[in-house]
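Worksheet: the structure to be examined is printed underneath.
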Number of protein chains: 4
Amino acid sequence: MPEPVKIHQLGPKRFFCPFADDLHASLKLARFKSDDDCVPLHLTHYDGRPPADQVFFQIAGPRREIFFDPSSTRAGIVTCGGLCPGLNNVIRSIFLELHYHYQVPSILGFQYGYHGLNPASGYPPIELEKSVVSDIHESGGSILGTSRGPQDPRVMVDYLKSLGVCILFTIGGDGTQRGALAIHDEARRQDYPLAVVGVPKTIDNDIQFVSRTFGFTTAVADARDVIDRAHNEARAVINGVGLVKLMGRDSGFIAASAALASGEVNYVLIPEIAFHLDGPNGLLAVLNERLSRKRHAVIVAAEGAGQNLISSAGTLKDASGNLVHADIGTFLRDRIRAHFAALNTPINVRYIDPSYIIRGQRANTEDAVLCDRLARSAAHAAMAGKSGLIIGFLHDRFIHVPIEMATRGRKKVEPSGSLWNAVLASTGQPLSLLNAG
Amino acid sequence: MPEPVKIHQLGPKRFFCPFADDLHASLKLARFKSDDDCVPLHLTHYDGRPPADQVFFQIAGPRREIFFDPSSTRAGIVTCGGLCPGLNNVIRSIFLELHYHYQVPSILGFQYGYHGLNPASGYPPIELEKSVVSDIHESGGSILGTSRGPQDPRVMVDYLKSLGVCILFTIGGDGTQRGALAIHDEARRQDYPLAVVGVPKTIDNDIQFVSRTFGFTTAVADARDVIDRAHNEARAVINGVGLVKLMGRDSGFIAASAALASGEVNYVLIPEIAFHLDGPNGLLAVLNERLSRKRHAVIVAAEGAGQNLISSAGTLKDASGNLVHADIGTFLRDRIRAHFAALNTPINVRYIDPSYIIRGQRANTEDAVLCDRLARSAAHAAMAGKSGLIIGFLHDRFIHVPIEMATRGRKKVEPSGSLWNAVLASTGQPLSLLNAG
Amino acid sequence: MPEPVKIHQLGPKRFFCPFADDLHASLKLARFKSDDDCVPLHLTHYDGRPPADQVFFQIAGPRREIFFDPSSTRAGIVTCGGLCPGLNNVIRSIFLELHYHYQVPSILGFQYGYHGLNPASGYPPIELEKSVVSDIHESGGSILGTSRGPQDPRVMVDYLKSLGVCILFTIGGDGTQRGALAIHDEARRQDYPLAVVGVPKTIDNDIQFVSRTFGFTTAVADARDVIDRAHNEARAVINGVGLVKLMGRDSGFIAASAALASGEVNYVLIPEIAFHLDGPNGLLAVLNERLSRKRHAVIVAAEGAGQNLISSAGTLKDASGNLVHADIGTFLRDRIRAHFAALNTPINVRYIDPSYIIRGQRANTEDAVLCDRLARSAAHAAMAGKSGLIIGFLHDRFIHVPIEMATRGRKKVEPSGSLWNAVLASTGQPLSLLNAG
Amino acid sequence: MPEPVKIHQLGPKRFFCPFADDLHASLKLARFKSDDDCVPLHLTHYDGRPPADQVFFQIAGPRREIFFDPSSTRAGIVTCGGLCPGLNNVIRSIFLELHYHYQVPSILGFQYGYHGLNPASGYPPIELEKSVVSDIHESGGSILGTSRGPQDPRVMVDYLKSLGVCILFTIGGDGTQRGALAIHDEARRQDYPLAVVGVPKTIDNDIQFVSRTFGFTTAVADARDVIDRAHNEARAVINGVGLVKLMGRDSGFIAASAALASGEVNYVLIPEIAFHLDGPNGLLAVLNERLSRKRHAVIVAAEGAGQNLISSAGTLKDASGNLVHADIGTFLRDRIRAHFAALNTPINVRYIDPSYIIRGQRANTEDAVLCDRLARSAAHAAMAGKSGLIIGFLHDRFIHVPIEMATRGRKKVEPSGSLWNAVLASTGQPLSLLNAG
């Protein structure tokens with residue numbers, strides 16, 4: 001019998017879910033999940049053999065018995081790191097679920113990321129209300145503001161205690177969730193019954209055990225539009241090269257998906273797969289050959305692609321502790337211009353870097369639905385007294401994943417998987433270009 | 001060892017996939033799938049117990065050994081039934097995969113659905129070419145045209161034989177795929193080695209073993225916009241009622257998802273769940289109560305909802321053999337108006353039926369990606385000599401499903417599942433309204 | 001020397017515009033307008049001859065000397081009639097101009113049209129504030145709500161007096177502005193120094209002396225999208241007819257402009273130009289001939305088109321006193337179906353009526369700019385003590401037009417003008433079809 | 001009697017407009033324009049006095065008598081300079097007007113700007129056909145391609161003669177139209193009856209006697225979206241500064257209009273109005289003051305703004321002969337960062353330069369209508385035998401303007417006009433900031 005991955009559970013569950021009434025039961029509505037309801041991580045039976053190293057995850061959702069007494073619960077929400085479409089949707093749906101269904105009386109919004117969890121920052125939390133959150137899902141950004149970088153866990157737990165906050169939702173990426181785990185650990189150390197539940201946020205879609213993160217489809221849709229404009233620019237001039245840098249520090253999901261949706265891209269460069277720049281199979285030679293035949297080309301590069309080619313790469317880190325990548329976009333632009341200048345071939349490179357345009361966008365419909373369900377799953381997990389986890393999304397199901405496990409690595413585009421194969425099929429880019437590992 | 005559901009396989013595979021070269025192998029790219037690679041249908045282990053009645057499906061994708069000799073293959077494509085965003089994307093990607101990767105020399109487009117497979121129709125097939133399909137994914141509709149209703153399988157197979165077509169892609173819904181099965185059966189009877197591969201199309205998202213059909217997210221996005229307009233209309237007047245009828249003959253996925261994305265809907269009515277119209281718990285009474293408090297309301301009804309309430313329902317069928325539903329939209333509009341007229345309460349009902357606006361839309365980015373991958377999976381299945389199947393999409397994987405199995409029932413919104421529970425949470429609609437089964 | 005059309009001016013101007021400082025003067029910024037600055041109505045010199053019946057209008061804009069003391073002014077805003085994209089933009093910009101530049105301390109929003117100007121309605125006015133109006137331009141609808149129909153001018157003026165409101169902005173169409181004039185007249189009768197300034201609102205773009213009303217370009221853009229979907233539907237089936245009914249009670253500007261933008265329309269029917277339905281030159285015969293050649297057609301009808309053809313037309317009026325048109329859309333749909341049924345020719349009519357979808361839309365960028373400038377012009381006129389006027393928009397200039405003059409007739413599509421000629425050129429519709437006057 | 005500005009007219013008009021039939025006359029449709037129909041340039045009567053220096057322009061439109069025999073006419077179209085939304089619409093509508101209404105048998109598309117008018121370029125013209133242009137208005141870019149820079153007029157006229165082209169439409173900006181005038185002059189010198197008609201294209205909207213150029217409203221709409229994203233970024237972080245550089249080499253129309261539409265901009269910097277960067281009234285000090293109060297700010301700079309501040313400015317020219325501006329965007333970004341670094345105040349600057357994203361966009365609905373009418377006006381002018389002119393657009397009328405006159409200066413944002421006053425009102429930016437002239 002499969003044993004789902006263990007999730008930290010606060011004390012005994014002493015209360016009943018307030019919407020666990022007879023009517024629900026009679027309608028078989030709101031089927032409560034048991035902590036033993038679970039789904040497997042691996043699905044594919046290669047050549048019919050069951051997957052090795054199988055792992056099972058708890059299914060998220062409302063529990064009939066919960067840990068916190070809703071009537072005396074105060075929750076807090078914090079958003080960290082870069083903007084991502086959907087932040088306001090998540091904030092709103094957490095609020096609505098707690099407020100209307102659990103009837104939690106007080107929900108605080110901490111300002112400017114973990115800064116706002118340090119009382120010294122001077123940015124006190126906002127008391128969220130229906131009128132405040134009512135229409136926020138119509139706008140990009142985050143009404144709470146955001147910031148990068150950690151704060152001292154002890155300071156933060158002390159502050160949460162002083163405010164009487166017993167549930168904390170941390171919306172952010174890897175660094176944020178590691179910070180959430182530090183808060184969870186510190187609360188355990190202090191024996192303070194705090195539930196810390198992470199909602200994974202990464203526009204790059206690179207969090208493990210989350211098949212699709214919120215904001216990702218919005219980003220891909222916007223990226224596709226940008227690629228289409230670059231294509232229009234490229235084919236309108238002699239030897240036009242549309243070069244688009246897209247988000248993707250470690251994983252090329254946005255670049256791959258947007259190229260696929262556009263259907264107009266000739267070369268996709270992602271961090272997972274090294275490529276040649278020079279030499280007979282290199283991008284410059286391949287591009288030259290294409291321009292002589294077709295007079296235009298479109299290149300999409302994820303920001304983490306080709307770092308090995310740039311001498312300055314690999315030294316800087318940002319406030320979240322992420323490696324700051326050397327800029328592959330301007331590097332390629334300059335190398336392409338120099339190459340063709342040396343060949344005395346006039347070309348027109350149109351370089352576009354739409355990062356901030358995309359990050360500040362509001363969530364599209366798909367992401368709006370995803371955010372709503374993700375947020376409600378987080379609310380259920382927290383009310384049930386689970387802590388130190390993120391809400392994952394696997395095989396169309398919301399699941400509980402320990403933070404420690406989720407942040408152990410990153411999700412990558414699989415070179416032999418169907419997404420990358422579809423990209424190769426769609427672009428027709430030569431395999432020899434990529435044989436650089 | 002799991003045995004995947006059997007798919008009809010034409011003769012022995014005698015050829016090698018043309019892109020099965022050493023370079024691919026060395027790069028571990030384009031990993032070929034074996035016919036024994038498979039995924040389970042059921043994932044959830046309730047209370048930790050393995051699912052009963054487990055079924056496994058073959059994974060779609062390129063096979064190293066194939067049945068047809070690409071250099072002498074002629075394929076055909078036909079689109080049937082109502083419009084759906086993405087039809088042109090599917091046509092284009094089937095063409096591109098066959099043309100560029102398998103180097104199939106001739107691909108025909110049959111016009112106006114199965115009509116075009118009957119030579120008596122007077123609409124000869126179009127020889128597809130790169131220049132014809134190049135930009136069609138930018139437009140809604142179907143460049144091949146479409147129609148409803150069947151044709152004689154014998155006539156169609158004779159025509160395909162006379163044209164030398166040995167692969168037929170049938171893009172359409174339940175009725176279309178049953179027609180495809182009839183063609184497949186007739187070809188078997190005549191011992192003509194024809195591969196019939198269906199690409200499931202239903203804007204309602206109600207095909208079994210397909211977690212998301214193409215066009216669905218586009219439809220939901222457009223539906224959400226319409227709901228938002230209805231909400232604006234409703235709240236701008238005293239006792240404003242925005243009433244939106246959405247597609248969904250047997251399944252309420254569009255209504256449920258669009259309501260969830262909008263976050264402004266008060267009542268969602270779907271075919272799967274009966275509701276009261278009259279009486280103290282009925283929609284009219286509940287609406288009256290809400291208007292007296294809030295002065296506006298938004299109602300979303302799937303077209304198949306509440307058929308039991310309409311005396312004229314259940315008698316007509318369309319050319320595809322689908323039951324023609326009585327119009328729940330105008331029925332509700334008129335009943336609501338009559339109810340409040342009787343109460344002498346002036347109200348303003350804004351009724352919107354956006355069906356044709358949505359069906360003619362082009363595919364959004366998510367659907368563009370889905371269509372591309374679906375189409376290429378269909379091309380791989382056909383070249384490998386599989387027939388009598390549709391391409392399914394389960395747990396983020398493309399699979400092979402026998403037509404007979406896929407058309408045995410319809411996918412429904414699960415009343416106890418997380419989608420419907422999210423709708424109940426988002427709308428706050430009273431359960432007593434729905435307790436009408 | 002031209003004499004601009006006279007505008008009612010309250011008492012002597014006794015105050016200075018608060019932003020009339022030296023810095024402005026030195027920068028030549030905020031050039032104040034004189035009441036004698038004016039523009040001619042007629043521009044075209046046919047065969048070089050000056051226009052006959054020339055009329056001049058005062059140019060709108062800030063006046064150096066104003067009538068009201070900003071520090072003790074209370075203003076009110078009311079929106080009436082059907083929704084139109086941009087209502088919230090106008091409300092917001094009137095507020096911002098009065099609040100920030102004139103530093104008017106109190107601005108009320110009356111609810112639900114003229115209903116809210118009757119204290120008996122039970123809907124008291126809202127005190128507008130920066131936080132209330134800050135983001136409303138991002139949403140369609142009207143935050144004040146709206147209604148149709150008049151109220152007793154004496155009741156309304158008494159209420160305004162009791163509230164201390166000395167400026168009233170009336171945002172609405174012909175009926176609304178006639179109501180505004182009644183309020184203006186009543187205030188004169190009572191010798192109450194009230195400035196009534198109308199902001200013309202008609203999605204149909206049919207107000208005289210207003211070359212483009214706000215919401216119109218948004219409506220045309222949405223209408224064009226709908227036409228494109230209808231075109232996709234029509235050409236996807238055999239004998240497909242896309243029939244779109246668009247707004248335009250008395251004037252066909254939306255139908256003409258949207259058809260022109262789409263470039264896919266075959267027949268445009270507008271109220272200004274009668275057309276034949278039956279007979280050899282009639283729409284039915286012409287359509288039959290086209291379908292036999294091209295197998296599809298797109299028809300766009302303004303709601304006021306072809307009223308002479310419908311026996312039931314011309315009897316009903318709505319609460320605003322507008323004639324309720326017989327439904328040309330369903331009439332044409334049914335007549336077309338019957339005609340081809342009689343001919344035994346199967347056709348597929350897709351009928352779309354997007355009215356409520358369009359009216360609830362938010363303002364597009366062009367309309368956002370127009371609304372802002374219109375609203376600020378209204379604020380300037382009111383502060384200067386002008387009353388009984390609307391803000392017109394002629395030859396890219398904002399002007400003052402007496403309500404009495406503006407409501408004397410309606411703006412129409414000129415049959416010999418360049419817009420209609422462009423439509424004829426774009427559609428190629430036979431002139432004989434239209435020779436029905 | 002006013003004398004309209006003279007337009008060069010080829011020989012006597014010897015033919016009748018093919019659509020000048022009796023039916024038109026009886027319907028008063030397609031009213032032909034006389035060469036003496038004209039409109040005045042100046043409208044405003046300041047203090048009631050008629051404008052000084054009045055000028056009148058011929059009204060564009062079909063002429064009853066024309067110069068060219070349609071049945072033996074061959075026309076050519078060329079697009080030059082940077083991309084602009086609507087290029088394909090103009091190409092399509094010129095084609096449709098000539099093909100369907102004048103029944104001109106041959107219309108060539110020259111490739112890659114004036115390059116394609118030099119036979120040595122190796123890019124022969126394309127014979128345009130209905131099937132080629134049918135759907136091009138749905139896409140951005142130019143199907144003909146474009147380039148910068150002139151060619152020898154003698155070579156071009158010789159080539160046009162050898163091809164039998166007697167009408168040339170030149171779609172482009174100032175430089176392009178000067179080139180068109182050189183072609184016109186050379187044809188006169190050679191006594192070759194060539195009609196050269198320019199369609200003015202400038203995304204900056206800075207051509208004289210053209211109140212709105214095509215592509216401008218599309219650009220403003222896209223620019224507004226970008227500003228909204230920058231606003232979301234800025235207000236989501238502590239001391240967030242959204243800095244957007246927009247197109248506008250010499251004129252700030254896009255920056256001013258987009259800022260007005262957005263309603264979220266704090267500082268608009270345009271080429272027409274100098275601003276202080278340093279000092280107590282300078283942008284840096286003003287920004288510092290605002291950040292300390294509000295914690296975020298949005299700045300929009302037209303690319304030609306603040307050139308006096310940048311030492312490297314004013315030396316380079318591009319292939320079209322336009323001055324290459326020093327990059328005000330990166331200059332401001334770096335100066336702002338340095339200023340606050342020196343103050344030890346952490347800030348977050350989000351810099352966005354969306355130029356290429358906007359230029360490659362397709363035309364929005366307003367621009368689609370404008371392009372259609374502009375293109376048809378150009379076709380009428382050319383068929384009537386007019387040459388050396390551009391089609392202007394003044395007071396909602398299409399007019400004929402001699403190229404020499406149109407290119408004599410540039411249209412600018414008027415510092416004392418209503419657009420800039422609206423910007424000042426909307427942003428509230430201090431006048432002292434701008435008092436730098």
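Ordering of the structure tokens sets the chain letters (A, B, ...), residue numbers begin anew at 1 in every chain, and ligands are numbered from 1 in the order given.
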Chain D contacts to chain A at 6 Å (only C-alpha atoms) as a PDB file with N, CA and C atoms, in the first residue's frame:
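Okay, this is what ended up in out-v3.pdb:
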```
ATOM      1  N   GLY D 141       3.633  44.200 -40.373  1.00  0.00           N
ATOM      2  CA  GLY D 141       4.707  44.153 -41.350  1.00  0.00           C
ATOM      3  C   GLY D 141       4.282  44.701 -42.694  1.00  0.00           C
ATOM      4  N   SER D 142       5.043  44.381 -43.713  1.00  0.00           N
ATOM      5  CA  SER D 142       4.704  44.775 -45.087  1.00  0.00           C
ATOM      6  C   SER D 142       5.030  43.607 -45.984  1.00  0.00           C
ATOM      7  N   GLY D 145       8.046  44.219 -48.091  1.00  0.00           N
ATOM      8  CA  GLY D 145       9.333  44.508 -47.479  1.00  0.00           C
ATOM      9  C   GLY D 145       9.626  45.988 -47.586  1.00  0.00           C
ATOM     10  N   THR D 146      10.683  46.401 -46.932  1.00  0.00           N
ATOM     11  CA  THR D 146      10.995  47.821 -46.873  1.00  0.00           C
ATOM     12  C   THR D 146      12.495  47.987 -46.722  1.00  0.00           C
ATOM     13  N   ARG D 229       1.897  48.151 -17.668  1.00  0.00           N
ATOM     14  CA  ARG D 229       2.766  47.126 -17.084  1.00  0.00           C
ATOM     15  C   ARG D 229       3.877  47.786 -16.267  1.00  0.00           C
ATOM     16  N   ASN D 232       2.504  48.728 -13.030  1.00  0.00           N
ATOM     17  CA  ASN D 232       2.385  47.575 -12.134  1.00  0.00           C
ATOM     18  C   ASN D 232       3.727  47.208 -11.527  1.00  0.00           C
ATOM     19  N   GLU D 233       4.768  47.219 -12.348  1.00  0.00           N
ATOM     20  CA  GLU D 233       6.116  46.925 -11.833  1.00  0.00           C
ATOM     21  C   GLU D 233       6.526  47.964 -10.789  1.00  0.00           C
ATOM     22  N   ALA D 236       4.803  47.814  -7.369  1.00  0.00           N
ATOM     23  CA  ALA D 236       4.940  46.565  -6.628  1.00  0.00           C
ATOM     24  C   ALA D 236       6.208  46.508  -5.791  1.00  0.00           C
ATOM     25  N   VAL D 237       7.088  47.461  -5.955  1.00  0.00           N
ATOM     26  CA  VAL D 237       8.335  47.423  -5.191  1.00  0.00           C
ATOM     27  C   VAL D 237       8.552  48.754  -4.481  1.00  0.00           C
ATOM     28  N   ILE D 357       8.352  45.975 -30.765  1.00  0.00           N
ATOM     29  CA  ILE D 357       7.115  45.236 -30.508  1.00  0.00           C
ATOM     30  C   ILE D 357       5.943  45.987 -31.132  1.00  0.00           C
ATOM     31  N   GLY D 360       5.812  46.247 -35.339  1.00  0.00           N
ATOM     32  CA  GLY D 360       5.426  45.053 -36.083  1.00  0.00           C
ATOM     33  C   GLY D 360       3.986  44.613 -35.863  1.00  0.00           C
ATOM     34  N   GLN D 361       3.257  45.364 -35.091  1.00  0.00           N
ATOM     35  CA  GLN D 361       1.849  45.056 -34.773  1.00  0.00           C
ATOM     36  C   GLN D 361       0.952  45.253 -36.000  1.00  0.00           C
TER      37      GLN D 361
END
```
*Fewer than 3 positions away in the same chain doesn't count, so skip those; otherwise give me all residues within 12 Å of Asp191 in chain D, counting only C-alpha atoms, as a PyMOL selection string.*
chain D and resi 10-11+157-158+161+166+183-188+194-195
As an MDAnalysis selection string, list the residues of range 208-437 of chain C assigned to strand (DSSP E) by DSSP on the backbone atoms of this structure.
chainID C and resid 240:246 267:269 296:302 316:317 323:324 348:352 386:387 389:394 397:402
- Message: as a ChimeraX atom specification, please: every residue in range 31-248 of chain B that a backbone DSSP assignment puts in alpha helix (DSSP H).
- Response: /B:87-96,130-133,153-163,174-189,216-235
With C-alpha atoms retained, export the selected residues as a compact mmCIF listing (two decimals), in the first residue's frame.
```txt
# COMPACT_ATOMS: atom_id res chain seq x y z
CA LEU B 87 -9.10 23.55 -36.66
CA ASN B 88 -6.67 25.34 -38.95
CA ASN B 89 -3.80 24.76 -36.52
CA VAL B 90 -4.45 21.01 -36.58
CA ILE B 91 -4.64 20.94 -40.38
CA ARG B 92 -1.41 22.92 -40.62
CA SER B 93 0.59 20.84 -38.16
CA ILE B 94 -0.50 17.51 -39.66
CA PHE B 95 0.65 18.88 -43.00
CA LEU B 96 3.97 20.16 -41.64
CA LYS B 130 3.22 24.92 -47.83
CA SER B 131 2.06 28.24 -49.29
CA VAL B 132 -1.60 27.29 -48.66
CA VAL B 133 -1.25 26.32 -45.01
CA PRO B 153 -18.81 4.35 -45.79
CA ARG B 154 -18.58 2.23 -48.93
CA VAL B 155 -18.77 5.29 -51.17
CA MET B 156 -16.13 7.04 -49.10
CA VAL B 157 -13.69 4.11 -49.06
CA ASP B 158 -14.12 3.63 -52.79
CA TYR B 159 -13.33 7.27 -53.32
CA LEU B 160 -10.27 7.15 -51.05
CA LYS B 161 -9.03 4.08 -52.91
CA SER B 162 -9.56 5.74 -56.27
CA LEU B 163 -7.54 8.71 -55.07
CA ASP B 174 -18.42 11.90 -31.40
CA GLY B 175 -20.50 11.61 -34.55
CA THR B 176 -17.51 12.24 -36.75
CA GLN B 177 -15.46 9.59 -35.00
CA ARG B 178 -18.24 7.06 -35.29
CA GLY B 179 -18.20 7.84 -39.00
CA ALA B 180 -14.44 7.36 -38.96
CA LEU B 181 -14.90 3.97 -37.36
CA ALA B 182 -17.35 3.02 -40.09
CA ILE B 183 -14.73 3.97 -42.69
CA HIS B 184 -12.10 1.99 -40.80
CA ASP B 185 -14.41 -1.06 -40.66
CA GLU B 186 -15.29 -0.78 -44.33
CA ALA B 187 -11.60 -0.57 -45.28
CA ARG B 188 -10.95 -3.71 -43.21
CA ARG B 189 -13.84 -5.44 -45.00
CA PHE B 216 -11.69 24.73 -25.02
CA THR B 217 -9.41 27.25 -23.33
CA THR B 218 -10.05 29.73 -26.12
CA ALA B 219 -13.78 29.28 -25.62
CA VAL B 220 -13.48 29.72 -21.87
CA ALA B 221 -11.44 32.90 -22.31
CA ASP B 222 -14.00 34.42 -24.66
CA ALA B 223 -16.85 33.27 -22.45
CA ARG B 224 -15.23 34.95 -19.48
CA ASP B 225 -15.10 38.25 -21.35
CA VAL B 226 -18.78 37.93 -22.18
CA ILE B 227 -19.59 37.25 -18.54
CA ASP B 228 -17.65 40.32 -17.49
CA ARG B 229 -19.71 42.44 -19.90
CA ALA B 230 -22.92 40.90 -18.58
CA HIS B 231 -21.74 41.74 -15.07
CA ASN B 232 -21.11 45.35 -16.10
CA GLU B 233 -24.59 45.55 -17.61
CA ALA B 234 -26.23 43.96 -14.59
CA ARG B 235 -24.68 46.14 -11.94
```
